[in-house]
$ cat final22.txt   # compact mmCIF, N, CA and C atoms
# COMPACT_ATOMS: atom_id res chain seq x y z
N MET A 1 166.77 160.58 124.95
CA MET A 1 165.92 159.77 125.80
C MET A 1 164.54 159.68 125.17
N PRO A 2 164.02 158.45 125.00
CA PRO A 2 162.69 158.31 124.37
C PRO A 2 161.58 158.81 125.28
N LYS A 3 160.57 159.36 124.65
CA LYS A 3 159.41 159.85 125.40
C LYS A 3 158.51 158.70 125.80
N LYS A 4 157.80 158.90 126.91
CA LYS A 4 156.82 157.90 127.34
C LYS A 4 155.61 157.95 126.41
N PRO A 5 155.04 156.79 126.09
CA PRO A 5 153.83 156.83 125.26
C PRO A 5 152.67 157.45 126.04
N VAL A 6 151.90 158.25 125.35
CA VAL A 6 150.76 158.92 125.98
C VAL A 6 149.57 157.97 125.92
N LYS A 7 148.94 157.74 127.08
CA LYS A 7 147.75 156.89 127.11
C LYS A 7 146.55 157.69 126.62
N SER A 8 145.78 157.04 125.79
CA SER A 8 144.57 157.68 125.27
C SER A 8 143.48 157.64 126.33
N LYS A 9 142.75 158.72 126.47
CA LYS A 9 141.63 158.78 127.41
C LYS A 9 140.36 158.25 126.76
N ARG A 10 140.42 157.95 125.48
CA ARG A 10 139.27 157.45 124.75
C ARG A 10 138.97 156.01 125.16
N ALA A 11 137.71 155.73 125.38
CA ALA A 11 137.31 154.38 125.78
C ALA A 11 137.45 153.42 124.60
N ARG A 12 137.85 152.19 124.92
CA ARG A 12 137.94 151.16 123.89
C ARG A 12 136.55 150.86 123.36
N PRO A 13 136.43 150.56 122.07
CA PRO A 13 135.10 150.24 121.54
C PRO A 13 134.54 148.95 122.15
N LEU A 14 133.24 148.93 122.27
CA LEU A 14 132.55 147.75 122.82
C LEU A 14 132.16 146.81 121.69
N SER A 15 132.03 145.53 122.03
CA SER A 15 131.50 144.58 121.06
C SER A 15 130.00 144.84 120.93
N GLY A 16 129.42 144.39 119.84
CA GLY A 16 127.98 144.55 119.63
C GLY A 16 127.18 143.85 120.71
N ALA A 17 127.65 142.68 121.16
CA ALA A 17 126.94 141.95 122.20
C ALA A 17 126.93 142.73 123.51
N THR A 18 128.03 143.40 123.83
CA THR A 18 128.10 144.19 125.06
C THR A 18 127.15 145.38 124.97
N GLU A 19 127.14 146.06 123.83
CA GLU A 19 126.22 147.20 123.65
C GLU A 19 124.78 146.76 123.81
N CYS A 20 124.42 145.65 123.18
CA CYS A 20 123.05 145.16 123.26
C CYS A 20 122.69 144.76 124.68
N HIS A 21 123.63 144.15 125.39
CA HIS A 21 123.36 143.75 126.77
C HIS A 21 123.10 144.98 127.64
N LEU A 22 123.87 146.04 127.47
CA LEU A 22 123.68 147.25 128.27
C LEU A 22 122.35 147.93 127.96
N LEU A 23 121.87 147.81 126.74
CA LEU A 23 120.60 148.45 126.39
C LEU A 23 119.38 147.61 126.75
N THR A 24 119.42 146.31 126.47
CA THR A 24 118.22 145.49 126.66
C THR A 24 118.33 144.47 127.78
N GLY A 25 119.53 144.22 128.28
CA GLY A 25 119.69 143.25 129.35
C GLY A 25 119.80 141.82 128.85
N GLU A 26 119.71 141.62 127.55
CA GLU A 26 119.82 140.28 126.98
C GLU A 26 121.16 140.14 126.28
N CYS A 27 121.81 139.04 126.55
CA CYS A 27 123.10 138.78 125.91
C CYS A 27 122.86 137.92 124.68
N LEU A 28 123.17 138.47 123.54
CA LEU A 28 122.94 137.75 122.29
C LEU A 28 124.06 136.76 121.98
N ILE A 29 125.28 137.16 122.25
CA ILE A 29 126.43 136.30 121.97
C ILE A 29 127.30 136.33 123.22
N SER A 30 127.09 135.40 124.11
CA SER A 30 127.72 135.49 125.43
C SER A 30 129.23 135.43 125.41
N PHE A 31 129.85 134.83 124.40
CA PHE A 31 131.30 134.71 124.43
C PHE A 31 132.02 136.02 124.15
N SER A 32 131.35 137.02 123.60
CA SER A 32 132.01 138.30 123.35
C SER A 32 131.40 139.43 124.17
N CYS A 33 130.62 139.12 125.18
CA CYS A 33 129.99 140.15 126.01
C CYS A 33 130.86 140.43 127.23
N ALA A 34 131.16 141.70 127.46
CA ALA A 34 131.99 142.10 128.60
C ALA A 34 131.16 142.37 129.84
N VAL A 35 129.83 142.28 129.74
CA VAL A 35 128.95 142.57 130.87
C VAL A 35 128.64 141.33 131.69
N CYS A 36 128.36 140.21 131.02
CA CYS A 36 127.98 139.01 131.76
C CYS A 36 129.06 137.94 131.68
N SER A 37 128.93 136.94 132.54
CA SER A 37 129.94 135.89 132.62
C SER A 37 129.80 134.84 131.54
N GLY A 38 128.73 134.86 130.77
CA GLY A 38 128.57 133.90 129.69
C GLY A 38 127.99 132.58 130.15
N ASN A 39 128.17 131.56 129.33
CA ASN A 39 127.58 130.25 129.64
C ASN A 39 128.38 129.50 130.71
N ILE A 40 127.97 128.30 131.03
CA ILE A 40 128.57 127.53 132.12
C ILE A 40 130.07 127.34 131.93
N TYR A 41 130.51 127.02 130.72
CA TYR A 41 131.92 126.74 130.48
C TYR A 41 132.77 128.00 130.57
N GLN A 42 132.27 129.10 130.03
CA GLN A 42 133.03 130.35 130.10
C GLN A 42 133.08 130.89 131.51
N SER A 43 131.94 130.84 132.23
CA SER A 43 131.89 131.41 133.57
C SER A 43 132.73 130.59 134.55
N ALA A 44 132.87 129.30 134.32
CA ALA A 44 133.72 128.47 135.18
C ALA A 44 135.16 128.95 135.10
N ALA A 45 135.59 129.35 133.90
CA ALA A 45 136.95 129.85 133.73
C ALA A 45 137.13 131.19 134.45
N LEU A 46 136.07 131.98 134.53
CA LEU A 46 136.13 133.27 135.22
C LEU A 46 135.88 133.14 136.72
N GLY A 47 135.41 131.99 137.14
CA GLY A 47 135.09 131.79 138.55
C GLY A 47 133.79 132.45 138.98
N LEU A 48 132.87 132.64 138.04
CA LEU A 48 131.58 133.28 138.32
C LEU A 48 130.45 132.33 137.97
N PRO A 49 129.29 132.46 138.60
CA PRO A 49 128.13 131.66 138.17
C PRO A 49 127.72 132.06 136.74
N ALA A 50 127.13 131.13 136.01
CA ALA A 50 126.75 131.40 134.62
C ALA A 50 125.76 132.54 134.51
N TYR A 51 125.93 133.34 133.47
CA TYR A 51 125.04 134.46 133.11
C TYR A 51 124.82 135.46 134.25
N THR A 52 125.84 135.74 135.03
CA THR A 52 125.75 136.78 136.04
C THR A 52 126.48 138.02 135.55
N VAL A 53 126.14 139.16 136.12
CA VAL A 53 126.77 140.42 135.73
C VAL A 53 128.18 140.45 136.34
N ARG A 54 129.15 140.73 135.50
CA ARG A 54 130.55 140.77 135.95
C ARG A 54 130.80 142.04 136.77
N PRO A 55 131.78 142.00 137.68
CA PRO A 55 132.06 143.15 138.54
C PRO A 55 132.41 144.43 137.77
N GLU A 56 133.05 144.31 136.62
CA GLU A 56 133.46 145.49 135.86
C GLU A 56 132.36 146.06 134.97
N ALA A 57 131.18 145.47 134.99
CA ALA A 57 130.08 145.92 134.12
C ALA A 57 129.68 147.36 134.41
N ARG A 58 129.62 147.76 135.67
CA ARG A 58 129.23 149.13 136.01
C ARG A 58 130.23 150.14 135.43
N ALA A 59 131.52 149.85 135.51
CA ALA A 59 132.54 150.75 134.98
C ALA A 59 132.42 150.86 133.45
N ILE A 60 132.12 149.75 132.80
CA ILE A 60 131.93 149.75 131.35
C ILE A 60 130.76 150.65 131.00
N TRP A 61 129.65 150.50 131.74
CA TRP A 61 128.47 151.34 131.50
C TRP A 61 128.81 152.81 131.69
N GLU A 62 129.51 153.16 132.74
CA GLU A 62 129.82 154.56 133.01
C GLU A 62 130.70 155.17 131.93
N ARG A 63 131.61 154.39 131.37
CA ARG A 63 132.48 154.91 130.30
C ARG A 63 131.72 155.15 129.00
N HIS A 64 130.74 154.31 128.70
CA HIS A 64 130.06 154.38 127.41
C HIS A 64 128.62 154.89 127.51
N ARG A 65 128.22 155.32 128.67
CA ARG A 65 126.84 155.72 128.97
C ARG A 65 126.28 156.76 128.00
N ASP A 66 126.99 157.86 127.84
CA ASP A 66 126.47 158.96 127.03
C ASP A 66 126.23 158.55 125.58
N ARG A 67 127.17 157.84 124.99
CA ARG A 67 127.03 157.42 123.59
C ARG A 67 125.86 156.45 123.43
N LEU A 68 125.74 155.49 124.34
CA LEU A 68 124.66 154.51 124.23
C LEU A 68 123.29 155.14 124.48
N LEU A 69 123.21 156.06 125.44
CA LEU A 69 121.92 156.72 125.69
C LEU A 69 121.51 157.62 124.53
N GLU A 70 122.49 158.19 123.85
CA GLU A 70 122.17 159.01 122.67
C GLU A 70 121.52 158.15 121.59
N ILE A 71 122.02 156.94 121.40
CA ILE A 71 121.44 156.01 120.44
C ILE A 71 120.05 155.57 120.92
N TRP A 72 119.95 155.18 122.19
CA TRP A 72 118.71 154.66 122.77
C TRP A 72 117.58 155.68 122.70
N ARG A 73 117.90 156.95 122.94
CA ARG A 73 116.87 158.00 123.01
C ARG A 73 116.71 158.81 121.74
N ASP A 74 117.34 158.42 120.67
CA ASP A 74 117.30 159.17 119.42
C ASP A 74 115.85 159.44 119.01
N PRO A 75 115.44 160.72 118.95
CA PRO A 75 114.04 161.03 118.63
C PRO A 75 113.67 160.71 117.19
N ALA A 76 114.65 160.52 116.32
CA ALA A 76 114.36 160.23 114.92
C ALA A 76 113.82 158.82 114.74
N GLY A 77 114.01 157.96 115.74
CA GLY A 77 113.43 156.62 115.67
C GLY A 77 114.32 155.61 115.00
N PRO A 78 113.71 154.56 114.45
CA PRO A 78 114.47 153.45 113.88
C PRO A 78 115.37 153.86 112.73
N GLU A 79 116.51 153.22 112.68
CA GLU A 79 117.45 153.45 111.60
C GLU A 79 117.25 152.32 110.58
N PRO A 80 116.96 152.62 109.34
CA PRO A 80 116.70 151.54 108.39
C PRO A 80 117.94 150.66 108.17
N GLY A 81 117.72 149.37 108.16
CA GLY A 81 118.79 148.43 107.90
C GLY A 81 119.75 148.22 109.05
N ALA A 82 119.39 148.63 110.25
CA ALA A 82 120.30 148.49 111.39
C ALA A 82 120.40 147.03 111.79
N SER A 83 121.57 146.66 112.25
CA SER A 83 121.82 145.28 112.66
C SER A 83 121.32 145.06 114.08
N GLY A 84 120.80 143.88 114.35
CA GLY A 84 120.36 143.53 115.69
C GLY A 84 121.51 143.20 116.62
N PHE A 85 122.75 143.14 116.11
CA PHE A 85 123.91 142.81 116.92
C PHE A 85 124.73 144.03 117.29
N GLN A 86 124.22 145.22 117.05
CA GLN A 86 124.88 146.47 117.41
C GLN A 86 123.86 147.38 118.10
N ALA A 87 124.34 148.35 118.84
CA ALA A 87 123.45 149.28 119.53
C ALA A 87 122.54 150.02 118.55
N SER A 88 123.02 150.25 117.34
CA SER A 88 122.22 150.99 116.36
C SER A 88 120.92 150.25 116.02
N GLY A 89 120.87 148.96 116.25
CA GLY A 89 119.65 148.19 116.04
C GLY A 89 118.55 148.56 117.02
N TYR A 90 118.91 149.23 118.11
CA TYR A 90 117.95 149.65 119.13
C TYR A 90 117.75 151.16 119.13
N ARG A 91 118.16 151.80 118.05
CA ARG A 91 118.05 153.26 117.94
C ARG A 91 116.61 153.72 118.13
N GLY A 92 116.42 154.65 119.06
CA GLY A 92 115.12 155.28 119.27
C GLY A 92 114.16 154.52 120.16
N ARG A 93 114.55 153.36 120.69
CA ARG A 93 113.60 152.59 121.52
C ARG A 93 113.31 153.25 122.86
N GLY A 94 114.15 154.16 123.28
CA GLY A 94 113.90 154.85 124.54
C GLY A 94 113.37 156.26 124.37
N ARG A 95 112.92 156.59 123.16
CA ARG A 95 112.47 157.97 122.91
C ARG A 95 111.21 158.34 123.67
N THR A 96 110.46 157.37 124.18
CA THR A 96 109.24 157.69 124.92
C THR A 96 109.50 157.78 126.42
N GLY A 97 110.76 157.69 126.82
CA GLY A 97 111.09 157.76 128.24
C GLY A 97 111.40 156.41 128.87
N LEU A 98 111.35 155.35 128.09
CA LEU A 98 111.67 154.02 128.58
C LEU A 98 113.17 153.95 128.86
N PRO A 99 113.57 153.66 130.11
CA PRO A 99 115.02 153.57 130.39
C PRO A 99 115.58 152.25 129.87
N CYS A 100 116.85 152.24 129.53
CA CYS A 100 117.47 151.00 129.09
C CYS A 100 117.84 150.17 130.33
N TRP A 101 118.23 148.92 130.11
CA TRP A 101 118.52 147.98 131.20
C TRP A 101 119.61 148.52 132.13
N ALA A 102 120.69 149.05 131.58
CA ALA A 102 121.80 149.53 132.41
C ALA A 102 121.40 150.73 133.26
N GLU A 103 120.51 151.58 132.77
CA GLU A 103 120.04 152.71 133.57
C GLU A 103 119.32 152.21 134.82
N VAL A 104 118.49 151.19 134.65
CA VAL A 104 117.74 150.63 135.78
C VAL A 104 118.68 149.88 136.72
N LYS A 105 119.56 149.07 136.14
CA LYS A 105 120.46 148.22 136.92
C LYS A 105 121.53 149.02 137.66
N PHE A 106 122.19 149.95 136.98
CA PHE A 106 123.34 150.64 137.56
C PHE A 106 123.04 152.05 138.05
N ASP A 107 122.09 152.76 137.42
CA ASP A 107 121.80 154.15 137.81
C ASP A 107 120.59 154.26 138.74
N GLY A 108 119.85 153.16 138.92
CA GLY A 108 118.70 153.18 139.82
C GLY A 108 117.49 153.90 139.27
N VAL A 109 117.38 154.06 137.96
CA VAL A 109 116.22 154.71 137.35
C VAL A 109 115.01 153.78 137.52
N PRO A 110 113.87 154.30 137.99
CA PRO A 110 112.69 153.44 138.14
C PRO A 110 112.17 152.96 136.79
N PHE A 111 111.73 151.71 136.75
CA PHE A 111 111.22 151.13 135.51
C PHE A 111 109.72 151.38 135.45
N PRO A 112 109.24 152.05 134.39
CA PRO A 112 107.82 152.43 134.30
C PRO A 112 106.93 151.25 133.90
N PRO A 113 105.63 151.33 134.19
CA PRO A 113 104.71 150.32 133.68
C PRO A 113 104.54 150.51 132.17
N ILE A 114 104.08 149.47 131.49
CA ILE A 114 103.89 149.55 130.04
C ILE A 114 102.75 150.52 129.72
N ASP A 115 102.93 151.28 128.65
CA ASP A 115 101.93 152.26 128.22
C ASP A 115 101.35 151.77 126.90
N LYS A 116 100.05 151.66 126.80
CA LYS A 116 99.39 151.13 125.59
C LYS A 116 99.56 152.04 124.39
N ALA A 117 99.95 153.30 124.61
CA ALA A 117 100.13 154.23 123.50
C ALA A 117 101.49 154.07 122.82
N TRP A 118 102.39 153.30 123.41
CA TRP A 118 103.72 153.11 122.82
C TRP A 118 103.63 152.32 121.53
N PRO A 119 104.54 152.59 120.59
CA PRO A 119 104.59 151.77 119.37
C PRO A 119 105.04 150.34 119.69
N PRO A 120 104.79 149.39 118.80
CA PRO A 120 105.12 147.98 119.08
C PRO A 120 106.59 147.72 119.42
N ASP A 121 107.53 148.42 118.77
CA ASP A 121 108.94 148.17 119.07
C ASP A 121 109.31 148.61 120.48
N ILE A 122 108.68 149.67 120.98
CA ILE A 122 108.94 150.12 122.35
C ILE A 122 108.33 149.13 123.34
N LYS A 123 107.13 148.64 123.04
CA LYS A 123 106.51 147.64 123.92
C LYS A 123 107.36 146.38 124.00
N GLN A 124 107.91 145.96 122.85
CA GLN A 124 108.77 144.78 122.83
C GLN A 124 110.03 145.02 123.66
N ALA A 125 110.64 146.20 123.52
CA ALA A 125 111.82 146.53 124.32
C ALA A 125 111.48 146.51 125.81
N HIS A 126 110.29 147.00 126.17
CA HIS A 126 109.85 147.00 127.57
C HIS A 126 109.78 145.57 128.09
N ARG A 127 109.20 144.67 127.30
CA ARG A 127 109.09 143.26 127.72
C ARG A 127 110.46 142.62 127.89
N GLU A 128 111.38 142.90 126.95
CA GLU A 128 112.72 142.33 127.02
C GLU A 128 113.46 142.81 128.27
N ILE A 129 113.40 144.10 128.53
CA ILE A 129 114.11 144.66 129.68
C ILE A 129 113.51 144.14 130.97
N GLN A 130 112.18 144.12 131.04
CA GLN A 130 111.51 143.62 132.25
C GLN A 130 111.88 142.18 132.53
N ALA A 131 111.94 141.35 131.49
CA ALA A 131 112.33 139.94 131.66
C ALA A 131 113.79 139.82 132.12
N ALA A 132 114.66 140.68 131.59
CA ALA A 132 116.07 140.63 131.94
C ALA A 132 116.33 141.13 133.36
N LEU A 133 115.45 141.97 133.88
CA LEU A 133 115.62 142.50 135.24
C LEU A 133 115.22 141.48 136.30
N LYS A 134 114.46 140.45 135.91
CA LYS A 134 114.01 139.44 136.88
C LYS A 134 115.10 138.45 137.20
$ encode --input "final22.txt" --output "structure tokens"
Amino acid sequence: MPKKPVKSKRARPLSGATECHLLTGECLISFSCAVCSGNIYQSAALGLPAYTVRPEARAIWERHRDRLLEIWRDPAGPEPGASGFQASGYRGRGRTGLPCWAEVKFDGVPFPPIDKAWPPDIKQAHREIQAALK
């Protein structure tokens, strides 16, 4: 009698667009993002308004939270040559205590006011997240 296949408890890898959306709240490539409904044509197929957060987005965040926060809060700072289409492109942007978009949206972490002592990349991340939260 054949054995049943064992299901892996490991989470499926995320697309770069999904990782970026969870960190900054901005969808760079809407057709491959698992967090938002995408543009008008894609969202019509899903039955959702355009660019809205999909119902399964919270579960995706909870499965990948630890790995993404480790990248976001990396105290070593920027990774040279990192791509803007992967989470590694945002390495270290939360090292000053700035929460990522998904922490504010799904975990209820309060969003701090901008601090003038932050480096320029952290200030830019703050502006992006604040705009995405509106």
$ atom_distance --input "final22.txt" --atom1 "atom C of Gly16 of chain A" --atom2 "atom CA of Gln86 of chain A"
4.8 Å
$ residues_around --input "final22.txt" --residues "segment 93-105 of chain A" --least-positions-apart "2" --cutoff "10 Å" --atoms "only C-alpha atoms" --output "VMD selection string"
chain A and resid 20 to 26 57 to 58 61 to 62 65 68 to 78 89 to 91 107 to 115 117 to 126 128 to 130 132 to 133
$ write_last_selection --input "final22.txt" --atoms "N, CA and C atoms" --output "short mmCIF file (atom, residue, chain, number, x, y, z; two decimals), in the coordinates of the input"
data_model
loop_
_atom_site.label_atom_id
_atom_site.label_comp_id
_atom_site.auth_asym_id
_atom_site.auth_seq_id
_atom_site.Cartn_x
_atom_site.Cartn_y
_atom_site.Cartn_z
N CYS A 20 124.42 145.65 123.18
CA CYS A 20 123.05 145.16 123.26
C CYS A 20 122.69 144.76 124.68
N HIS A 21 123.63 144.15 125.39
CA HIS A 21 123.36 143.75 126.77
C HIS A 21 123.10 144.98 127.64
N LEU A 22 123.87 146.04 127.47
CA LEU A 22 123.68 147.25 128.27
C LEU A 22 122.35 147.93 127.96
N LEU A 23 121.87 147.81 126.74
CA LEU A 23 120.60 148.45 126.39
C LEU A 23 119.38 147.61 126.75
N THR A 24 119.42 146.31 126.47
CA THR A 24 118.22 145.49 126.66
C THR A 24 118.33 144.47 127.78
N GLY A 25 119.53 144.22 128.28
CA GLY A 25 119.69 143.25 129.35
C GLY A 25 119.80 141.82 128.85
N GLU A 26 119.71 141.62 127.55
CA GLU A 26 119.82 140.28 126.98
C GLU A 26 121.16 140.14 126.28
N ALA A 57 131.18 145.47 134.99
CA ALA A 57 130.08 145.92 134.12
C ALA A 57 129.68 147.36 134.41
N ARG A 58 129.62 147.76 135.67
CA ARG A 58 129.23 149.13 136.01
C ARG A 58 130.23 150.14 135.43
N TRP A 61 129.65 150.50 131.74
CA TRP A 61 128.47 151.34 131.50
C TRP A 61 128.81 152.81 131.69
N GLU A 62 129.51 153.16 132.74
CA GLU A 62 129.82 154.56 133.01
C GLU A 62 130.70 155.17 131.93
N ARG A 65 128.22 155.32 128.67
CA ARG A 65 126.84 155.72 128.97
C ARG A 65 126.28 156.76 128.00
N LEU A 68 125.74 155.49 124.34
CA LEU A 68 124.66 154.51 124.23
C LEU A 68 123.29 155.14 124.48
N LEU A 69 123.21 156.06 125.44
CA LEU A 69 121.92 156.72 125.69
C LEU A 69 121.51 157.62 124.53
N GLU A 70 122.49 158.19 123.85
CA GLU A 70 122.17 159.01 122.67
C GLU A 70 121.52 158.15 121.59
N ILE A 71 122.02 156.94 121.40
CA ILE A 71 121.44 156.01 120.44
C ILE A 71 120.05 155.57 120.92
N TRP A 72 119.95 155.18 122.19
CA TRP A 72 118.71 154.66 122.77
C TRP A 72 117.58 155.68 122.70
N ARG A 73 117.90 156.95 122.94
CA ARG A 73 116.87 158.00 123.01
C ARG A 73 116.71 158.81 121.74
N ASP A 74 117.34 158.42 120.67
CA ASP A 74 117.30 159.17 119.42
C ASP A 74 115.85 159.44 119.01
N PRO A 75 115.44 160.72 118.95
CA PRO A 75 114.04 161.03 118.63
C PRO A 75 113.67 160.71 117.19
N ALA A 76 114.65 160.52 116.32
CA ALA A 76 114.36 160.23 114.92
C ALA A 76 113.82 158.82 114.74
N GLY A 77 114.01 157.96 115.74
CA GLY A 77 113.43 156.62 115.67
C GLY A 77 114.32 155.61 115.00
N PRO A 78 113.71 154.56 114.45
CA PRO A 78 114.47 153.45 113.88
C PRO A 78 115.37 153.86 112.73
N GLY A 89 120.87 148.96 116.25
CA GLY A 89 119.65 148.19 116.04
C GLY A 89 118.55 148.56 117.02
N TYR A 90 118.91 149.23 118.11
CA TYR A 90 117.95 149.65 119.13
C TYR A 90 117.75 151.16 119.13
N ARG A 91 118.16 151.80 118.05
CA ARG A 91 118.05 153.26 117.94
C ARG A 91 116.61 153.72 118.13
N ASP A 107 122.09 152.76 137.42
CA ASP A 107 121.80 154.15 137.81
C ASP A 107 120.59 154.26 138.74
N GLY A 108 119.85 153.16 138.92
CA GLY A 108 118.70 153.18 139.82
C GLY A 108 117.49 153.90 139.27
N VAL A 109 117.38 154.06 137.96
CA VAL A 109 116.22 154.71 137.35
C VAL A 109 115.01 153.78 137.52
N PRO A 110 113.87 154.30 137.99
CA PRO A 110 112.69 153.44 138.14
C PRO A 110 112.17 152.96 136.79
N PHE A 111 111.73 151.71 136.75
CA PHE A 111 111.22 151.13 135.51
C PHE A 111 109.72 151.38 135.45
N PRO A 112 109.24 152.05 134.39
CA PRO A 112 107.82 152.43 134.30
C PRO A 112 106.93 151.25 133.90
N PRO A 113 105.63 151.33 134.19
CA PRO A 113 104.71 150.32 133.68
C PRO A 113 104.54 150.51 132.17
N ILE A 114 104.08 149.47 131.49
CA ILE A 114 103.89 149.55 130.04
C ILE A 114 102.75 150.52 129.72
N ASP A 115 102.93 151.28 128.65
CA ASP A 115 101.93 152.26 128.22
C ASP A 115 101.35 151.77 126.90
N ALA A 117 99.95 153.30 124.61
CA ALA A 117 100.13 154.23 123.50
C ALA A 117 101.49 154.07 122.82
N TRP A 118 102.39 153.30 123.41
CA TRP A 118 103.72 153.11 122.82
C TRP A 118 103.63 152.32 121.53
N PRO A 119 104.54 152.59 120.59
CA PRO A 119 104.59 151.77 119.37
C PRO A 119 105.04 150.34 119.69
N PRO A 120 104.79 149.39 118.80
CA PRO A 120 105.12 147.98 119.08
C PRO A 120 106.59 147.72 119.42
N ASP A 121 107.53 148.42 118.77
CA ASP A 121 108.94 148.17 119.07
C ASP A 121 109.31 148.61 120.48
N ILE A 122 108.68 149.67 120.98
CA ILE A 122 108.94 150.12 122.35
C ILE A 122 108.33 149.13 123.34
N LYS A 123 107.13 148.64 123.04
CA LYS A 123 106.51 147.64 123.92
C LYS A 123 107.36 146.38 124.00
N GLN A 124 107.91 145.96 122.85
CA GLN A 124 108.77 144.78 122.83
C GLN A 124 110.03 145.02 123.66
N ALA A 125 110.64 146.20 123.52
CA ALA A 125 111.82 146.53 124.32
C ALA A 125 111.48 146.51 125.81
N HIS A 126 110.29 147.00 126.17
CA HIS A 126 109.85 147.00 127.57
C HIS A 126 109.78 145.57 128.09
N GLU A 128 111.38 142.90 126.95
CA GLU A 128 112.72 142.33 127.02
C GLU A 128 113.46 142.81 128.27
N ILE A 129 113.40 144.10 128.53
CA ILE A 129 114.11 144.66 129.68
C ILE A 129 113.51 144.14 130.97
N GLN A 130 112.18 144.12 131.04
CA GLN A 130 111.51 143.62 132.25
C GLN A 130 111.88 142.18 132.53
N ALA A 132 114.66 140.68 131.59
CA ALA A 132 116.07 140.63 131.94
C ALA A 132 116.33 141.13 133.36
N LEU A 133 115.45 141.97 133.88
CA LEU A 133 115.62 142.50 135.24
C LEU A 133 115.22 141.48 136.30
#
$ select_by_dssp --input "final22.txt" --residues "segment 23-133 of chain A" --states "helix (DSSP H, G or I)" --output "VMD selection string"
chain A and resid 23 to 24 30 to 32 40 to 46 57 to 72 87 to 90 101 to 107 120 to 133
$ residues_around --input "final22.txt" --residues "Cys27 of chain A" --least-positions-apart "3" --cutoff "8 Å" --atoms "only C-alpha atoms" --output "number ranges by chain"
A: 17-18, 20-21, 30, 33, 36
$ atom_distance --input "final22.txt" --atom1 "atom N of Pro13 of chain A" --atom2 "atom N of Ala59 of chain A"
14.3 Å
$ atom_distance --input "final22.txt" --atom1 "atom CA of Pro55 of chain A" --atom2 "atom C of Gly38 of chain A"
14.1 Å
